[in-house]
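Asks: Contents of target-v2.csv (CSV, C-alpha atoms):
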```csv
chain,number,residue,atom,x,y,z
A,1,MET,CA,121.2,70.9,97.4
A,2,ARG,CA,123.0,73.9,95.8
A,3,PRO,CA,121.6,73.6,92.3
A,4,VAL,CA,118.1,73.0,93.6
A,5,LEU,CA,118.3,76.1,95.7
A,6,ARG,CA,119.6,78.1,92.8
A,7,LYS,CA,116.8,76.9,90.6
A,8,ILE,CA,114.2,77.9,93.2
A,9,ILE,CA,115.7,81.4,93.6
A,10,GLY,CA,115.9,81.7,89.8
A,11,SER,CA,112.2,80.9,89.3
A,12,VAL,CA,111.1,83.1,92.1
A,13,ALA,CA,113.0,86.0,90.5
A,14,ASP,CA,111.3,85.2,87.2
A,15,ILE,CA,107.9,85.3,88.8
A,16,VAL,CA,108.7,88.6,90.4
A,17,LYS,CA,109.9,90.0,87.1
A,18,TYR,CA,106.8,89.0,85.2
A,19,ALA,CA,104.5,90.1,88.0
A,20,CYS,CA,106.1,93.6,87.8
A,21,ILE,CA,105.6,93.8,84.1
A,22,VAL,CA,102.0,92.7,84.5
A,23,HIS,CA,101.5,95.3,87.3
A,24,CYS,CA,102.9,98.1,85.1
A,25,THR,CA,100.7,97.1,82.2
A,26,LEU,CA,97.6,97.0,84.2
A,27,GLU,CA,98.5,100.3,86.0
A,28,TYR,CA,99.8,102.4,83.2
A,29,VAL,CA,98.5,101.0,79.9
A,30,GLY,CA,95.0,99.5,80.4
A,31,ASP,CA,93.0,96.6,81.6
A,32,PHE,CA,89.7,94.8,81.3
A,33,VAL,CA,86.7,95.6,83.5
A,34,ILE,CA,83.5,93.6,84.0
A,35,CYS,CA,80.4,95.8,84.4
A,36,SER,CA,77.7,95.0,86.9
A,37,GLY,CA,74.5,96.9,87.7
A,38,PRO,CA,71.9,98.6,85.6
A,39,SER,CA,73.1,102.2,85.8
A,40,MET,CA,74.6,102.4,82.3
A,41,GLU,CA,71.8,100.6,80.4
A,42,PRO,CA,71.2,100.7,77.4
A,43,THR,CA,74.9,101.3,76.6
A,44,LEU,CA,76.3,98.7,78.9
A,45,HIS,CA,74.7,95.7,80.6
A,46,THR,CA,75.7,93.5,83.5
A,47,ASN,CA,78.6,91.2,82.7
A,48,ASP,CA,79.7,93.2,79.7
A,49,VAL,CA,83.5,93.3,79.5
A,50,LEU,CA,85.2,96.6,78.7
A,51,LEU,CA,88.7,97.4,77.4
A,52,THR,CA,90.0,100.5,79.2
A,53,GLU,CA,93.0,102.7,78.8
A,54,HIS,CA,94.8,104.5,81.7
A,55,PHE,CA,96.5,107.3,79.7
A,56,THR,CA,93.5,109.7,80.0
A,57,PRO,CA,93.8,110.3,83.8
A,58,ARG,CA,97.6,110.8,83.5
A,59,LEU,CA,97.4,113.1,80.5
A,60,ARG,CA,94.4,114.9,82.1
A,61,ASP,CA,92.3,115.2,78.9
A,62,ILE,CA,88.9,114.2,80.1
A,63,LYS,CA,86.2,115.2,77.7
A,64,ARG,CA,82.4,115.4,78.0
A,65,GLY,CA,80.8,112.2,76.9
A,66,ASP,CA,83.7,109.9,77.9
A,67,ILE,CA,82.7,106.8,79.8
A,68,LEU,CA,85.1,106.6,82.7
A,69,ILE,CA,86.0,104.1,85.3
A,70,VAL,CA,86.2,106.0,88.6
A,71,LYS,CA,86.8,105.1,92.2
A,72,CYS,CA,83.5,105.6,94.0
A,73,PRO,CA,83.7,108.8,96.1
A,74,THR,CA,81.8,107.3,99.0
A,75,GLU,CA,83.3,103.9,99.0
A,76,CYS,CA,86.9,103.9,97.7
A,77,GLU,CA,87.2,100.1,97.4
A,78,GLN,CA,84.6,100.1,94.7
A,79,LEU,CA,84.9,101.2,91.0
A,80,ILE,CA,82.0,102.8,89.2
A,81,CYS,CA,81.5,103.3,85.5
A,82,LYS,CA,79.7,106.5,84.5
A,83,ARG,CA,79.6,109.1,81.7
A,84,VAL,CA,81.1,112.6,82.1
A,85,THR,CA,78.4,115.1,81.3
A,86,ALA,CA,80.0,118.3,82.6
A,87,LEU,CA,83.5,119.7,83.3
A,88,PRO,CA,84.8,122.6,85.5
A,89,GLY,CA,82.9,125.8,84.9
A,90,ASP,CA,79.8,124.2,83.4
A,91,LYS,CA,76.4,124.7,85.0
A,92,VAL,CA,74.3,121.7,85.8
A,93,GLN,CA,70.6,121.7,86.5
A,94,VAL,CA,69.8,119.7,89.7
A,95,GLY,CA,66.1,119.2,90.2
A,96,TYR,CA,63.7,121.9,89.1
A,97,GLN,CA,65.1,124.9,90.9
A,98,SER,CA,68.7,124.7,91.8
A,99,SER,CA,71.8,124.4,89.7
A,100,VAL,CA,75.5,123.6,90.5
A,101,VAL,CA,78.6,125.1,88.9
A,102,ILE,CA,81.3,122.4,88.7
A,103,PRO,CA,84.3,123.6,90.8
A,104,MET,CA,87.9,123.4,89.5
A,105,GLY,CA,89.4,119.9,89.2
A,106,HIS,CA,86.0,118.2,89.4
A,107,MET,CA,83.5,116.7,86.9
A,108,TRP,CA,79.9,115.7,86.8
A,109,LEU,CA,79.1,112.0,86.3
A,110,GLU,CA,75.8,110.5,85.2
A,111,GLY,CA,74.7,107.0,84.3
A,112,ASP,CA,73.0,106.5,81.0
A,113,ASN,CA,70.0,105.0,82.8
A,114,TYR,CA,68.6,108.2,84.1
A,115,PHE,CA,66.0,106.7,86.4
A,116,ASN,CA,68.2,104.0,88.0
A,117,SER,CA,71.6,105.3,88.6
A,118,LEU,CA,73.5,106.5,91.7
A,119,ASP,CA,75.7,109.2,90.4
A,120,SER,CA,76.6,112.9,90.8
A,121,ARG,CA,73.0,113.8,91.3
A,122,SER,CA,73.2,112.1,94.7
A,123,TYR,CA,76.9,112.8,95.7
A,124,GLY,CA,77.7,115.9,93.7
A,125,PRO,CA,80.7,116.7,91.6
A,126,VAL,CA,83.5,114.1,91.7
A,127,PRO,CA,87.2,115.0,91.9
A,128,GLN,CA,89.1,114.2,88.8
A,129,GLY,CA,91.8,112.6,90.9
A,130,LEU,CA,89.6,109.6,91.4
A,131,VAL,CA,89.6,108.6,87.7
A,132,ARG,CA,91.2,105.3,86.9
A,133,GLY,CA,90.6,104.8,83.2
A,134,ARG,CA,88.5,105.5,80.2
A,135,ALA,CA,86.4,102.8,78.5
A,136,LEU,CA,87.6,102.3,74.9
A,137,MET,CA,85.4,99.5,73.6
A,138,LYS,CA,83.1,96.7,74.6
A,139,VAL,CA,84.8,93.4,73.9
A,140,TRP,CA,82.3,90.9,75.3
A,141,PRO,CA,79.8,89.7,74.2
A,142,PHE,CA,81.3,89.3,70.8
A,143,SER,CA,78.1,89.8,69.0
A,144,SER,CA,77.7,93.3,70.2
A,145,ALA,CA,81.3,94.3,70.5
A,146,TYR,CA,81.9,97.9,69.4
A,147,VAL,CA,84.0,101.0,70.0
A,148,LEU,CA,82.3,103.3,72.5
A,149,LYS,CA,81.8,106.9,71.6
B,1,MET,CA,125.4,92.9,70.9
B,2,PHE,CA,126.2,95.0,74.0
B,3,LEU,CA,123.3,97.3,73.1
B,4,PHE,CA,120.9,94.4,72.9
B,5,TYR,CA,122.0,93.1,76.3
B,6,PHE,CA,121.6,96.6,77.7
B,7,ILE,CA,118.0,97.0,76.4
B,8,LYS,CA,117.1,93.6,77.6
B,9,LYS,CA,118.3,94.4,81.1
B,10,LEU,CA,116.6,97.8,81.0
B,11,SER,CA,113.2,96.3,79.9
B,12,ILE,CA,113.2,94.3,83.1
B,13,ALA,CA,114.7,96.9,85.5
B,14,VAL,CA,112.3,99.7,84.6
B,15,PRO,CA,109.0,97.8,85.4
B,16,VAL,CA,110.6,96.3,88.5
B,17,THR,CA,111.5,99.8,89.8
B,18,ILE,CA,108.1,101.3,88.9
B,19,THR,CA,106.3,98.5,90.6
B,20,PHE,CA,108.5,98.9,93.7
B,21,PHE,CA,107.6,102.6,93.9
B,22,ASP,CA,104.0,101.8,93.3
B,23,VAL,CA,103.6,99.1,95.9
B,24,VAL,CA,106.2,99.8,98.6
B,25,GLY,CA,106.7,103.5,98.5
B,26,TYR,CA,108.9,106.4,97.4
B,27,ILE,CA,110.7,109.4,98.7
B,28,ALA,CA,109.4,112.9,98.0
B,29,ARG,CA,110.3,116.5,98.9
B,30,VAL,CA,107.9,118.5,101.0
B,31,ASP,CA,107.3,122.0,99.7
B,32,GLY,CA,105.7,124.8,101.5
B,33,ILE,CA,105.0,125.8,105.1
B,34,SER,CA,101.5,124.3,105.6
B,35,MET,CA,102.8,121.4,107.8
B,36,GLN,CA,105.0,123.4,110.1
B,37,PRO,CA,106.3,122.6,112.7
B,38,THR,CA,106.1,118.9,111.9
B,39,LEU,CA,107.6,119.1,108.4
B,40,ASN,CA,109.9,121.9,107.0
B,41,PRO,CA,110.3,123.6,110.5
B,42,ASP,CA,112.9,126.0,109.2
B,43,LYS,CA,112.2,128.4,106.4
B,44,GLY,CA,114.3,127.5,103.3
B,45,ASP,CA,115.0,123.9,104.4
B,46,PHE,CA,113.2,121.1,102.7
B,47,ASP,CA,112.4,117.8,104.4
B,48,TYR,CA,112.4,114.6,102.3
B,49,ILE,CA,109.9,112.1,103.5
B,50,PHE,CA,109.3,108.4,102.8
B,51,LEU,CA,105.8,108.0,101.4
B,52,ASN,CA,104.5,104.5,102.3
B,53,ARG,CA,102.2,103.1,99.6
B,54,TRP,CA,101.8,99.7,101.2
B,55,SER,CA,99.9,100.9,104.2
B,56,VAL,CA,97.2,102.7,102.3
B,57,ARG,CA,96.4,99.6,100.2
B,58,PHE,CA,94.0,98.3,102.7
B,59,ASN,CA,92.6,101.6,103.7
B,60,ASN,CA,93.7,101.5,107.3
B,61,ILE,CA,93.9,105.3,107.7
B,62,ARG,CA,93.9,106.5,111.3
B,63,ARG,CA,93.2,109.9,112.8
B,64,GLY,CA,96.5,111.8,113.1
B,65,ASP,CA,98.3,110.1,110.2
B,66,ILE,CA,100.1,112.4,107.7
B,67,VAL,CA,99.0,111.4,104.3
B,68,CYS,CA,99.7,112.4,100.7
B,69,ILE,CA,96.6,113.2,98.7
B,70,VAL,CA,95.9,114.3,95.1
B,71,SER,CA,94.6,117.9,95.4
B,72,PRO,CA,90.8,117.9,94.7
B,73,LYS,CA,91.3,121.3,92.9
B,74,ASP,CA,94.1,120.3,90.6
B,75,LEU,CA,95.0,116.7,89.9
B,76,LYS,CA,98.5,117.6,88.9
B,77,GLN,CA,99.3,118.5,92.5
B,78,SER,CA,99.9,116.3,95.5
B,79,ILE,CA,99.5,117.8,98.9
B,80,VAL,CA,100.7,116.5,102.3
B,81,LYS,CA,98.2,116.9,105.2
B,82,ARG,CA,97.2,115.4,108.5
B,83,VAL,CA,94.0,113.4,108.8
B,84,VAL,CA,91.9,115.0,111.6
B,85,GLY,CA,88.5,113.2,111.1
B,86,LEU,CA,87.3,110.0,109.5
B,87,GLN,CA,83.8,109.2,108.3
B,88,GLY,CA,81.1,109.9,110.8
B,89,ASP,CA,83.2,112.3,112.9
B,90,VAL,CA,81.8,115.7,113.8
B,91,ILE,CA,84.3,118.4,113.1
B,92,SER,CA,84.3,122.0,114.2
B,93,THR,CA,85.7,123.8,111.1
B,94,MET,CA,87.8,126.9,111.2
B,95,SER,CA,86.9,128.8,108.0
B,96,TYR,CA,84.6,126.5,106.1
B,97,GLU,CA,81.0,127.4,105.0
B,98,LYS,CA,79.6,125.3,107.9
B,99,THR,CA,80.9,125.8,111.4
B,100,VAL,CA,80.2,122.2,112.4
B,101,LEU,CA,79.8,119.3,110.1
B,102,ARG,CA,79.7,115.5,110.0
B,103,VAL,CA,82.2,113.9,107.7
B,104,PRO,CA,80.2,111.9,105.1
B,105,GLU,CA,80.7,108.2,104.3
B,106,GLY,CA,83.9,107.4,102.6
B,107,HIS,CA,85.5,110.8,103.2
B,108,CYS,CA,87.9,112.3,105.7
B,109,TRP,CA,88.8,115.7,107.0
B,110,VAL,CA,92.4,116.8,106.4
B,111,GLU,CA,94.2,119.8,107.8
B,112,GLY,CA,97.7,121.2,107.7
B,113,ASP,CA,99.5,121.7,111.1
B,114,HIS,CA,100.2,125.3,110.3
B,115,VAL,CA,96.8,126.8,111.1
B,116,GLY,CA,95.8,129.6,108.8
B,117,HIS,CA,98.6,129.0,106.3
B,118,SER,CA,97.3,125.8,104.8
B,119,PHE,CA,95.1,124.9,101.9
B,120,ASP,CA,93.1,122.1,103.3
B,121,SER,CA,89.6,120.8,104.1
B,122,ASN,CA,88.8,124.2,105.6
B,123,ASN,CA,88.9,125.4,102.0
B,124,PHE,CA,87.7,122.5,99.9
B,125,GLY,CA,85.7,120.4,102.4
B,126,PRO,CA,85.9,116.7,103.2
B,127,ILE,CA,87.8,114.7,100.7
B,128,SER,CA,87.2,111.2,99.4
B,129,LEU,CA,89.4,108.5,100.8
B,130,GLY,CA,90.2,107.4,97.2
B,131,LEU,CA,92.3,110.6,96.8
B,132,ILE,CA,94.8,109.4,99.4
B,133,THR,CA,97.8,108.0,97.6
B,134,ALA,CA,100.3,107.3,100.4
B,135,LYS,CA,101.1,107.7,104.1
B,136,ALA,CA,104.2,109.5,105.3
B,137,SER,CA,106.1,107.2,107.6
B,138,CYS,CA,109.5,108.8,108.2
B,139,ILE,CA,111.7,111.8,107.5
B,140,VAL,CA,114.7,110.5,105.6
B,141,TRP,CA,116.7,113.7,104.8
B,142,PRO,CA,118.4,115.9,106.2
B,143,PRO,CA,120.2,113.5,108.6
B,144,SER,CA,119.6,115.9,111.6
B,145,ARG,CA,115.9,115.3,111.2
B,146,TRP,CA,115.9,111.5,110.9
B,147,GLN,CA,112.8,110.3,112.7
B,148,PHE,CA,109.6,108.3,112.3
B,149,ILE,CA,106.3,110.1,112.0
B,150,TYR,CA,103.8,109.0,114.5
B,151,PRO,CA,100.0,109.8,114.5
B,152,TYR,CA,99.4,112.9,116.5
B,153,LEU,CA,96.3,115.0,116.9
B,154,SER,CA,96.3,118.6,118.2
B,155,ARG,CA,92.7,119.2,117.2
B,156,LYS,CA,90.3,116.4,117.9
B,157,PRO,CA,86.9,115.8,116.3
B,158,LEU,CA,84.0,116.8,118.6
B,159,ASN,CA,82.5,113.3,119.0
B,160,ALA,CA,83.6,111.8,122.3
B,161,ALA,CA,85.3,108.5,123.1
B,162,LEU,CA,88.5,109.2,121.2
```
Will you turn the file into C-alpha cells for me?
Replies:
Amino acid sequence: MRPVLRKIIGSVADIVKYACIVHCTLEYVGDFVICSGPSMEPTLHTNDVLLTEHFTPRLRDIKRGDILIVKCPTECEQLICKRVTALPGDKVQVGYQSSVVIPMGHMWLEGDNYFNSLDSRSYGPVPQGLVRGRALMKVWPFSSAYVLK
Amino acid sequence: MFLFYFIKKLSIAVPVTITFFDVVGYIARVDGISMQPTLNPDKGDFDYIFLNRWSVRFNNIRRGDIVCIVSPKDLKQSIVKRVVGLQGDVISTMSYEKTVLRVPEGHCWVEGDHVGHSFDSNNFGPISLGLITAKASCIVWPPSRWQFIYPYLSRKPLNAAL
C-alpha cells in the first residue's frame, strides 16, 4: 500500500509542477490565439492562429499600429483583437463633427475592417489595463505565415 | 554540484510560487486614506490585506465587495475600492459630469469609503469589470485588526429591490 500511495503523491506533485510552469509561460511569456470574426480582415481571417507575447502590457510600451489582444471592455470574459490607432493625448475624429481626445492611460482601438468592426468607435477609448498581449506573427495557415507589422 | 541542485530546485519553486500568487491570492499593503474607516482607520498605520484572486476568476463580483483594480488612468497603479453598482444599476453620482447615470454593460461603479477623499468612479466614470484583479477578503496585519471583510453598502444604487 505504502509504495503505491507514495507513487500517486509523487505523480500528483509532478503534474502540479508542470501545470505551474505552463501557467507561468502562458501568463508571462506568450501564447497562441485563434482568431474569429471578420473585424480584422484583410490582415487576419477567421481561424488564423496568432503567436502573441505578454511582455508589452507589463513593460507598458504600447505603440500605434500594434495589433493587441485585449479583454473586451463590455464583456470581460471575451478577448478581442484590434489595432491601436491612437494613444493618450491624440485627437480622434468620430463621425463628421465630433472628436475625442484620448485620456491618460487609455488607447483607441480599431479593426482593420472599417465597415464591419465593433471597436472604440462604439465603446470609446479602452483602458490600457485591459491589454493581454501583442500579436507577433501569424503562424497558421502556413502558406500565409508572416510577421505582423 | 550543489549549485546545480540549487538551480534545479529554484526553477521549480519560482513558477510554483508565482502560480500560487496568481491563482489563489497574495498579501498587499493598503496605502492612502481613501478607504477609511474600513481600511487604514488610523493615520500612519497601514493595513495589510489578503487579495483573493480565486474569487474573481468566475466574475462573481457583488455589490459591496472591496476589490483591487488596475487604475484606468495609470496601469502601473492598483487601487482598492468598494463596488457600489453593477451593470444596469442607476447611480446618483457625487461629482461626476452626469448626476444620475446607468452603469453600462460589463462595467461597475466603484467608490472609496472616505467620501470626498477618494479617486474613484466619481472622477473617471464606470470601469470595465476586466480591470478588477482581486477581491479583498481579510485584513491580515496588524494582529489587532484581524478580521474578515464582508460586503457592505452605505450608499445604494437608486434602482429598487436591493
Asks: I need the residue nearest chain B from this list: A:Cys72, A:Met137, A:Leu44, A:Leu148. Use all atoms listed in the file for the distance.
Replies: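 Answer, going by the shortest atom-to-atom distance: A:Cys72.
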Asks: Excluding B:Ala134 and its own-chain neighbours fewer than 5 positions away, which residues fall within 7 Å of it when counting all atoms listed in the file? Please give them as a list in words.
Replies: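 Residues meeting the cut-off are Leu51, Asn52, Arg53, Val56, Val67 and Cys68 of chain B.
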Asks: Near chain B, meaning an atom within 9 Å, which residues of chain A appear when counting only C-alpha atoms? Write them as a list in words.
Replies: Val16, Lys17, Tyr18, Ala19, Cys20, Ile21, Val22, His23, Cys24, Thr25, Pro57, Arg58, Arg60, Lys71, Cys72, Pro73, Thr74, Glu75, Cys76, Glu77, Pro103, Met104, Gly105, His106, Val126, Pro127, Gln128, Gly129 and Leu130 of chain A
Asks: Write out the residues from the selection above, keeping C-alpha atoms, as a compact mmCIF listing (two decimals), in the coordinates of the input.
Replies:
```txt
# COMPACT_ATOMS: atom_id res chain seq x y z
CA VAL A 16 108.70 88.60 90.40
CA LYS A 17 109.90 90.00 87.10
CA TYR A 18 106.80 89.00 85.20
CA ALA A 19 104.50 90.10 88.00
CA CYS A 20 106.10 93.60 87.80
CA ILE A 21 105.60 93.80 84.10
CA VAL A 22 102.00 92.70 84.50
CA HIS A 23 101.50 95.30 87.30
CA CYS A 24 102.90 98.10 85.10
CA THR A 25 100.70 97.10 82.20
CA PRO A 57 93.80 110.30 83.80
CA ARG A 58 97.60 110.80 83.50
CA ARG A 60 94.40 114.90 82.10
CA LYS A 71 86.80 105.10 92.20
CA CYS A 72 83.50 105.60 94.00
CA PRO A 73 83.70 108.80 96.10
CA THR A 74 81.80 107.30 99.00
CA GLU A 75 83.30 103.90 99.00
CA CYS A 76 86.90 103.90 97.70
CA GLU A 77 87.20 100.10 97.40
CA PRO A 103 84.30 123.60 90.80
CA MET A 104 87.90 123.40 89.50
CA GLY A 105 89.40 119.90 89.20
CA HIS A 106 86.00 118.20 89.40
CA VAL A 126 83.50 114.10 91.70
CA PRO A 127 87.20 115.00 91.90
CA GLN A 128 89.10 114.20 88.80
CA GLY A 129 91.80 112.60 90.90
CA LEU A 130 89.60 109.60 91.40
```
Asks: Env of B:Leu101: 9 Å cut, atoms = only C-alpha atoms, seq-sep filter 2 positions within chain, self excluded. Answer as a count of residues only.
Replies: 9
Asks: Just to confirm, what's the straight-line distance from atom CA of A:Asp112 to atom CA of A:Phe32 in Å (one decimal)?
Replies: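 Here the two named atoms are 20.4 Å from each other.
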Asks: At a cut-off of 9 Å from (75.1, 94.4, 76.9) in the coordinates of the file, what residues are picked up using all atoms listed in the file, written as a VMD selection string?
Replies: chain A and resid 41 to 49 138 140 to 141 144 to 145
Asks: Could you check the closest approach to A:Leu68 for each of A:Ile102, A:Leu5, A:Val139, A:Leu109 and tell me which residue wins, using only C-alpha atoms?
Replies: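 Looking at the shortest contact to A:Leu68, the residue is A:Leu109.
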Asks: Report, in Å to a single decimal, how far apart atom CA of A:Tyr96 and atom CA of A:Ile69 are.
Replies: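 Result for atom CA of A:Ile69 versus atom CA of A:Tyr96: 28.8 Å, one decimal.
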Asks: One decimal, Å: what's the distance from atom CA of B:Cys138 over to atom CA of B:Gly44, could you say?
Replies: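 One can read the atom CA of B:Cys138 to atom CA of B:Gly44 distance as 19.9 Å.
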Asks: Skipping near chain neighbours, those fewer than 3 positions away, what residues fall within 9 Å of stretch 26-32 of chain B using all atoms listed in the file, listed as a list in words?
Replies: Phe20, Phe21, Asp22, Met35, Gln36, Leu39, Asn40, Lys43, Phe46, Asp47, Tyr48, Ile49, Phe50, Leu51, Asn52, Arg53, Ile79, Val80 and Val140 of chain B
Asks: If you count only C-alpha atoms, which residues fall within 8 Å of A:Ile67, apart from same-chain ones fewer than 2 positions away, as JSON, numbers by chain?
Replies: {"A": [65, 69, 81, 82, 83, 84, 134, 135]}
Asks: Compile the contact shell of A:Asp119 as a PyMOL selection string: residues with an atom at most 9 Å away, counting only C-alpha atoms, same-chain residues fewer than 5 positions apart removed.
Replies: chain A and resi 39+82+108-111+124
Asks: Need the neighbours of (99.3, 106.8, 114.0): which residues are at most 10 Å away, counting all atoms listed in the file, as a list of chain:residue names?
Replies: B:Ile61, B:Arg62, B:Arg63, B:Gly64, B:Asp65, B:Ile66, B:Val83, B:Ser137, B:Ile149, B:Tyr150, B:Pro151, B:Tyr152, B:Leu153
Asks: Which of these, B:Pro142, B:Phe119, B:Val110, B:Thr133, has the shortest distance to B:Arg155 once you count only C-alpha atoms?
Replies: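 Checking each candidate against B:Arg155, we get B:Val110 as the closest.
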